[in-house]
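Take a look at the structure set out below.
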Amino acid sequence: VQLQASGGGSVQAGGSLRLSCAASGSSWKIKNMGWYRQVSGNRRELVATIANNGIPNYVDSVKGRFTISRDGAKNTVYLQMNNLKPADTTVYYCSADLDSGEDVWGKGTQVTVSS
(Lines give C-alpha, C1' and ligand atoms only; values in the text may rest on other atoms or scores of the structure.)
Protein backbone atom coordinates (compact mmCIF):
# COMPACT_ATOMS: atom_id res chain seq x y z
CA VAL A 1 0.00 0.00 0.00
CA GLN A 2 1.26 3.47 -0.90
CA LEU A 3 -0.23 6.74 0.28
CA GLN A 4 -0.04 10.01 -1.62
CA ALA A 5 -1.02 13.13 0.30
CA SER A 6 -1.79 16.50 -1.21
CA GLY A 7 -3.60 19.74 -0.46
CA GLY A 8 -1.33 21.53 1.98
CA GLY A 9 -0.56 25.21 1.60
CA SER A 10 -0.61 28.62 3.22
CA VAL A 11 -3.70 30.44 4.44
CA GLN A 12 -4.58 33.21 6.83
CA ALA A 13 -6.15 32.50 10.18
CA GLY A 14 -9.81 31.63 9.77
CA GLY A 15 -9.22 30.17 6.34
CA SER A 16 -9.74 26.64 5.07
CA LEU A 17 -7.75 23.89 3.41
CA ARG A 18 -8.62 20.37 2.34
CA LEU A 19 -6.05 17.60 2.51
CA SER A 20 -6.40 14.49 0.39
CA CYS A 21 -4.71 11.13 0.73
CA ALA A 22 -5.03 8.56 -2.04
CA ALA A 23 -4.15 4.94 -1.39
CA SER A 24 -2.80 2.68 -4.11
CA GLY A 25 -1.60 -0.88 -4.24
CA SER A 26 -3.24 -3.46 -2.00
CA SER A 27 -5.77 -0.97 -0.67
CA TRP A 28 -8.20 -3.73 0.29
CA LYS A 29 -5.91 -4.43 3.23
CA ILE A 30 -6.67 -1.02 4.77
CA LYS A 31 -8.73 -0.86 7.94
CA ASN A 32 -8.51 2.63 9.38
CA MET A 33 -7.12 5.77 7.77
CA GLY A 34 -6.20 8.98 9.41
CA TRP A 35 -4.21 12.17 9.65
CA TYR A 36 -1.45 12.99 12.08
CA ARG A 37 0.64 16.10 12.47
CA GLN A 38 4.14 16.76 13.68
CA VAL A 39 4.48 18.29 17.10
CA SER A 40 7.47 19.17 19.26
CA GLY A 41 10.25 16.64 19.52
CA ASN A 42 9.42 15.10 16.15
CA ARG A 43 6.42 13.35 17.64
CA ARG A 44 3.28 12.87 15.61
CA GLU A 45 -0.05 13.78 17.12
CA LEU A 46 -3.25 12.13 16.01
CA VAL A 47 -5.53 14.67 14.35
CA ALA A 48 -8.37 12.51 13.07
CA THR A 49 -9.02 8.94 12.05
CA ILE A 50 -11.86 7.22 10.27
CA ALA A 51 -12.68 3.55 10.44
CA ASN A 52 -13.92 1.32 7.64
CA ASN A 53 -17.43 1.75 9.03
CA GLY A 54 -17.11 5.52 8.67
CA ILE A 55 -16.90 6.36 12.36
CA PRO A 56 -14.56 9.33 12.88
CA ASN A 57 -12.37 10.22 15.82
CA TYR A 58 -10.82 13.64 16.48
CA VAL A 59 -8.32 15.18 18.82
CA ASP A 60 -10.09 17.71 21.03
CA SER A 61 -8.24 20.70 19.58
CA VAL A 62 -9.78 20.23 16.12
CA LYS A 63 -13.30 19.13 17.02
CA GLY A 64 -15.86 21.37 15.35
CA ARG A 65 -13.28 22.72 12.88
CA PHE A 66 -11.93 19.67 11.03
CA THR A 67 -13.90 16.96 9.28
CA ILE A 68 -12.47 13.67 8.09
CA SER A 69 -14.20 11.71 5.36
CA ARG A 70 -13.47 8.68 3.25
CA ASP A 71 -14.32 7.75 -0.33
CA GLY A 72 -14.08 4.00 -0.53
CA ALA A 73 -14.48 3.89 -4.30
CA LYS A 74 -11.48 6.18 -4.74
CA ASN A 75 -9.52 4.77 -1.79
CA THR A 76 -9.09 8.34 -0.64
CA VAL A 77 -9.42 10.03 2.72
CA TYR A 78 -9.96 13.76 3.10
CA LEU A 79 -9.42 16.22 5.91
CA GLN A 80 -11.46 19.39 5.58
CA MET A 81 -9.89 22.00 7.83
CA ASN A 82 -11.93 25.11 8.58
CA ASN A 83 -11.29 28.07 10.86
CA LEU A 84 -7.59 27.34 10.79
CA LYS A 85 -5.41 28.79 13.51
CA PRO A 86 -1.68 29.55 13.58
CA ALA A 87 -1.34 26.70 16.08
CA ASP A 88 -2.38 24.32 13.28
CA THR A 89 0.81 25.14 11.39
CA THR A 90 2.95 22.06 10.94
CA VAL A 91 3.48 19.06 8.66
CA TYR A 92 0.50 16.72 8.27
CA TYR A 93 0.87 13.00 7.54
CA CYS A 94 -1.61 10.51 6.18
CA SER A 95 -1.63 7.03 7.71
CA ALA A 96 -3.33 3.72 7.12
CA ASP A 97 -3.68 0.72 9.41
CA LEU A 98 -3.55 -2.56 7.52
CA ASP A 99 -5.24 -5.79 8.50
CA SER A 100 -1.78 -7.28 8.96
CA GLY A 101 -1.14 -4.88 11.83
CA GLU A 102 1.27 -2.81 9.77
CA ASP A 103 1.05 0.99 9.66
CA VAL A 104 1.74 2.77 6.39
CA TRP A 105 2.63 6.45 6.16
CA GLY A 106 2.54 8.93 3.33
CA LYS A 107 4.94 11.82 2.87
CA GLY A 108 4.03 14.88 4.85
CA THR A 109 2.31 17.95 3.50
CA GLN A 110 2.98 21.39 4.99
CA VAL A 111 0.15 23.51 6.36
CA THR A 112 0.99 27.10 7.27
CA VAL A 113 -1.51 29.44 8.91
CA SER A 114 -0.56 33.07 9.32
CA SER A 115 -2.12 35.42 11.82
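By order in the C-alpha coordinates, chains are A, B, ...; within a chain, residues start at 1; ligands start at 1, following the order shown.
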Based on DSSP run over this structure's backbone, return all residues of segment 20-89 of chain A in helix (DSSP H, G or I), as a ChimeraX atom specification. /A:27-29,40-42,60-62,86-88
Would you output that residue set with N, CA and C atoms, as a PDB file, in the first residue's frame?
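Below is the file selection_39.pdb, written as the result:
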ATOM      1  N   SER A  27      -4.945  -1.823  -1.530  1.00  0.00           N
ATOM      2  CA  SER A  27      -5.766  -0.970  -0.668  1.00  0.00           C
ATOM      3  C   SER A  27      -6.855  -1.751   0.061  1.00  0.00           C
ATOM      4  N   TRP A  28      -7.176  -2.952  -0.400  1.00  0.00           N
ATOM      5  CA  TRP A  28      -8.204  -3.734   0.295  1.00  0.00           C
ATOM      6  C   TRP A  28      -7.748  -4.193   1.674  1.00  0.00           C
ATOM      7  N   LYS A  29      -6.449  -4.044   1.933  1.00  0.00           N
ATOM      8  CA  LYS A  29      -5.914  -4.426   3.226  1.00  0.00           C
ATOM      9  C   LYS A  29      -6.104  -3.329   4.284  1.00  0.00           C
ATOM     10  N   SER A  40       6.118  18.975  18.745  1.00  0.00           N
ATOM     11  CA  SER A  40       7.467  19.165  19.256  1.00  0.00           C
ATOM     12  C   SER A  40       8.159  17.826  19.497  1.00  0.00           C
ATOM     13  N   GLY A  41       9.470  17.843  19.298  1.00  0.00           N
ATOM     14  CA  GLY A  41      10.246  16.641  19.524  1.00  0.00           C
ATOM     15  C   GLY A  41      10.060  15.591  18.456  1.00  0.00           C
ATOM     16  N   ASN A  42       9.611  16.010  17.276  1.00  0.00           N
ATOM     17  CA  ASN A  42       9.418  15.099  16.147  1.00  0.00           C
ATOM     18  C   ASN A  42       8.352  14.041  16.405  1.00  0.00           C
ATOM     19  N   ASP A  60      -9.198  16.650  20.530  1.00  0.00           N
ATOM     20  CA  ASP A  60     -10.089  17.707  21.033  1.00  0.00           C
ATOM     21  C   ASP A  60      -9.828  19.062  20.383  1.00  0.00           C
ATOM     22  N   SER A  61      -8.586  19.365  20.076  1.00  0.00           N
ATOM     23  CA  SER A  61      -8.238  20.703  19.584  1.00  0.00           C
ATOM     24  C   SER A  61      -8.801  21.008  18.196  1.00  0.00           C
ATOM     25  N   VAL A  62      -9.258  19.988  17.471  1.00  0.00           N
ATOM     26  CA  VAL A  62      -9.780  20.234  16.116  1.00  0.00           C
ATOM     27  C   VAL A  62     -11.272  19.945  16.002  1.00  0.00           C
ATOM     28  N   PRO A  86      -3.150  29.673  13.694  1.00  0.00           N
ATOM     29  CA  PRO A  86      -1.683  29.555  13.582  1.00  0.00           C
ATOM     30  C   PRO A  86      -1.135  28.318  14.279  1.00  0.00           C
ATOM     31  N   ALA A  87      -1.791  27.892  15.352  1.00  0.00           N
ATOM     32  CA  ALA A  87      -1.341  26.705  16.080  1.00  0.00           C
ATOM     33  C   ALA A  87      -1.489  25.424  15.257  1.00  0.00           C
ATOM     34  N   ASP A  88      -2.236  25.486  14.156  1.00  0.00           N
ATOM     35  CA  ASP A  88      -2.384  24.322  13.283  1.00  0.00           C
ATOM     36  C   ASP A  88      -1.216  24.178  12.304  1.00  0.00           C
TER      37      ASP A  88
END
Write out as a ChimeraX atom specification each polymer residue whose atoms come within 12 Å of segment 101-110 of chain A, counting only C-alpha atoms; drop sequence neighbours fewer than 3 positions from it. /A:1-11,17-27,29-38,44,88-98,113
Restricted to N, CA and C atoms, what would the selected residues look like written as a short mmCIF file (atom, residue, chain, number, x, y, z; two decimals), in the first residue's frame?
data_model
loop_
_atom_site.label_atom_id
_atom_site.label_comp_id
_atom_site.auth_asym_id
_atom_site.auth_seq_id
_atom_site.Cartn_x
_atom_site.Cartn_y
_atom_site.Cartn_z
N VAL A 1 0.85 -1.19 0.00
CA VAL A 1 0.00 0.00 0.00
C VAL A 1 0.88 1.24 0.00
N GLN A 2 0.56 2.18 -0.87
CA GLN A 2 1.26 3.47 -0.90
C GLN A 2 0.22 4.57 -0.70
N LEU A 3 0.65 5.61 0.00
CA LEU A 3 -0.23 6.74 0.28
C LEU A 3 0.37 8.00 -0.32
N GLN A 4 -0.48 8.76 -1.02
CA GLN A 4 -0.04 10.01 -1.62
C GLN A 4 -0.91 11.14 -1.08
N ALA A 5 -0.29 12.01 -0.30
CA ALA A 5 -1.02 13.13 0.30
C ALA A 5 -0.84 14.39 -0.52
N SER A 6 -1.86 15.23 -0.50
CA SER A 6 -1.79 16.50 -1.21
C SER A 6 -2.74 17.48 -0.53
N GLY A 7 -2.63 18.75 -0.92
CA GLY A 7 -3.60 19.74 -0.46
C GLY A 7 -3.09 20.72 0.58
N GLY A 8 -1.85 20.57 1.03
CA GLY A 8 -1.33 21.53 1.98
C GLY A 8 -1.13 22.89 1.33
N GLY A 9 -0.79 23.88 2.13
CA GLY A 9 -0.56 25.21 1.60
C GLY A 9 -0.52 26.24 2.70
N SER A 10 -0.66 27.50 2.28
CA SER A 10 -0.61 28.62 3.22
C SER A 10 -1.92 29.39 3.17
N VAL A 11 -2.48 29.66 4.34
CA VAL A 11 -3.70 30.44 4.44
C VAL A 11 -3.59 31.38 5.63
N LEU A 17 -8.51 24.73 4.33
CA LEU A 17 -7.75 23.89 3.41
C LEU A 17 -8.36 22.49 3.45
N ARG A 18 -8.19 21.77 2.36
CA ARG A 18 -8.62 20.37 2.34
C ARG A 18 -7.44 19.50 1.94
N LEU A 19 -7.10 18.56 2.80
CA LEU A 19 -6.05 17.60 2.51
C LEU A 19 -6.68 16.34 1.92
N SER A 20 -5.96 15.74 0.99
CA SER A 20 -6.40 14.49 0.39
C SER A 20 -5.28 13.46 0.52
N CYS A 21 -5.68 12.21 0.65
CA CYS A 21 -4.71 11.13 0.73
C CYS A 21 -5.25 9.95 -0.07
N ALA A 22 -4.59 9.65 -1.17
CA ALA A 22 -5.03 8.56 -2.04
C ALA A 22 -4.18 7.32 -1.80
N ALA A 23 -4.84 6.21 -1.60
CA ALA A 23 -4.15 4.94 -1.39
C ALA A 23 -4.09 4.15 -2.70
N SER A 24 -2.96 3.53 -2.93
CA SER A 24 -2.80 2.68 -4.11
C SER A 24 -2.15 1.37 -3.68
N GLY A 25 -2.15 0.42 -4.58
CA GLY A 25 -1.60 -0.88 -4.24
C GLY A 25 -2.67 -1.77 -3.64
N SER A 26 -2.31 -2.50 -2.62
CA SER A 26 -3.24 -3.46 -2.00
C SER A 26 -4.16 -2.76 -1.01
N SER A 27 -4.95 -1.82 -1.53
CA SER A 27 -5.77 -0.97 -0.67
C SER A 27 -6.86 -1.75 0.06
N LYS A 29 -6.45 -4.04 1.93
CA LYS A 29 -5.91 -4.43 3.23
C LYS A 29 -6.10 -3.33 4.28
N ILE A 30 -6.58 -2.16 3.86
CA ILE A 30 -6.67 -1.02 4.77
C ILE A 30 -7.87 -1.14 5.69
N LYS A 31 -7.65 -0.93 6.97
CA LYS A 31 -8.73 -0.86 7.94
C LYS A 31 -9.06 0.60 8.21
N ASN A 32 -8.28 1.23 9.03
CA ASN A 32 -8.51 2.63 9.38
C ASN A 32 -7.55 3.53 8.60
N MET A 33 -7.98 4.74 8.36
CA MET A 33 -7.12 5.77 7.77
C MET A 33 -7.20 7.01 8.63
N GLY A 34 -6.15 7.81 8.56
CA GLY A 34 -6.20 8.98 9.41
C GLY A 34 -5.13 9.99 9.07
N TRP A 35 -5.17 11.07 9.80
CA TRP A 35 -4.21 12.17 9.65
C TRP A 35 -3.54 12.43 10.99
N TYR A 36 -2.25 12.62 10.92
CA TYR A 36 -1.45 12.99 12.08
C TYR A 36 -0.68 14.25 11.72
N ARG A 37 -0.19 14.93 12.73
CA ARG A 37 0.64 16.10 12.47
C ARG A 37 1.84 16.12 13.41
N GLN A 38 2.90 16.72 12.92
CA GLN A 38 4.14 16.76 13.68
C GLN A 38 4.03 17.78 14.79
N ARG A 44 4.45 12.68 16.46
CA ARG A 44 3.28 12.87 15.61
C ARG A 44 2.03 12.73 16.46
N ASP A 88 -2.24 25.49 14.16
CA ASP A 88 -2.38 24.32 13.28
C ASP A 88 -1.22 24.18 12.30
N THR A 89 -0.34 25.16 12.31
CA THR A 89 0.81 25.14 11.39
C THR A 89 1.77 24.02 11.74
N THR A 90 1.99 23.14 10.81
CA THR A 90 2.95 22.06 10.94
C THR A 90 2.85 21.16 9.71
N VAL A 91 3.55 20.05 9.73
CA VAL A 91 3.48 19.06 8.66
C VAL A 91 2.43 18.00 9.02
N TYR A 92 1.57 17.71 8.08
CA TYR A 92 0.50 16.72 8.27
C TYR A 92 0.84 15.45 7.49
N TYR A 93 0.57 14.30 8.13
CA TYR A 93 0.87 13.00 7.54
C TYR A 93 -0.40 12.16 7.45
N CYS A 94 -0.53 11.48 6.35
CA CYS A 94 -1.61 10.51 6.18
C CYS A 94 -1.11 9.14 6.63
N SER A 95 -2.00 8.36 7.23
CA SER A 95 -1.63 7.03 7.71
C SER A 95 -2.74 6.05 7.46
N ALA A 96 -2.35 4.79 7.29
CA ALA A 96 -3.33 3.72 7.12
C ALA A 96 -2.92 2.52 7.97
N ASP A 97 -3.89 1.96 8.66
CA ASP A 97 -3.68 0.72 9.41
C ASP A 97 -4.12 -0.44 8.53
N LEU A 98 -3.22 -1.41 8.35
CA LEU A 98 -3.55 -2.56 7.52
C LEU A 98 -4.03 -3.72 8.37
N VAL A 113 -0.42 28.50 8.63
CA VAL A 113 -1.51 29.44 8.91
C VAL A 113 -0.91 30.70 9.51
#
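Shortest atom-to-atom contact with Leu84 of chain A among A:Asn53, A:Ser69, A:Gln12, A:Val39: A:Gln12, counting only C-alpha atoms.
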Give me every strand (DSSP E) residue in chain A, going by DSSP on the backbone, as a PyMOL selection string. chain A and resi 2-6+9-12+17-24+30-38+44-50+56-58+66-71+76-81+90-98+103-105+109-114
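Counting from atom CA of Val111 of chain A, the distance to atom CA of Ala51 of chain A is 24.1 Å.
Atom CA of Thr67 of chain A to atom CA of Met81 of chain A spans 6.6 Å [interatomic distance, one decimal].
Rounded to one decimal, atom CA of Gly54 of chain A and atom CA of Tyr78 of chain A lie 12.2 Å from each other.
Closest approach to Asn83 of chain A among A:Asn57, A:Ser114, A:Thr49, A:Arg65 is made by A:Arg65 (distances from only C-alpha atoms).
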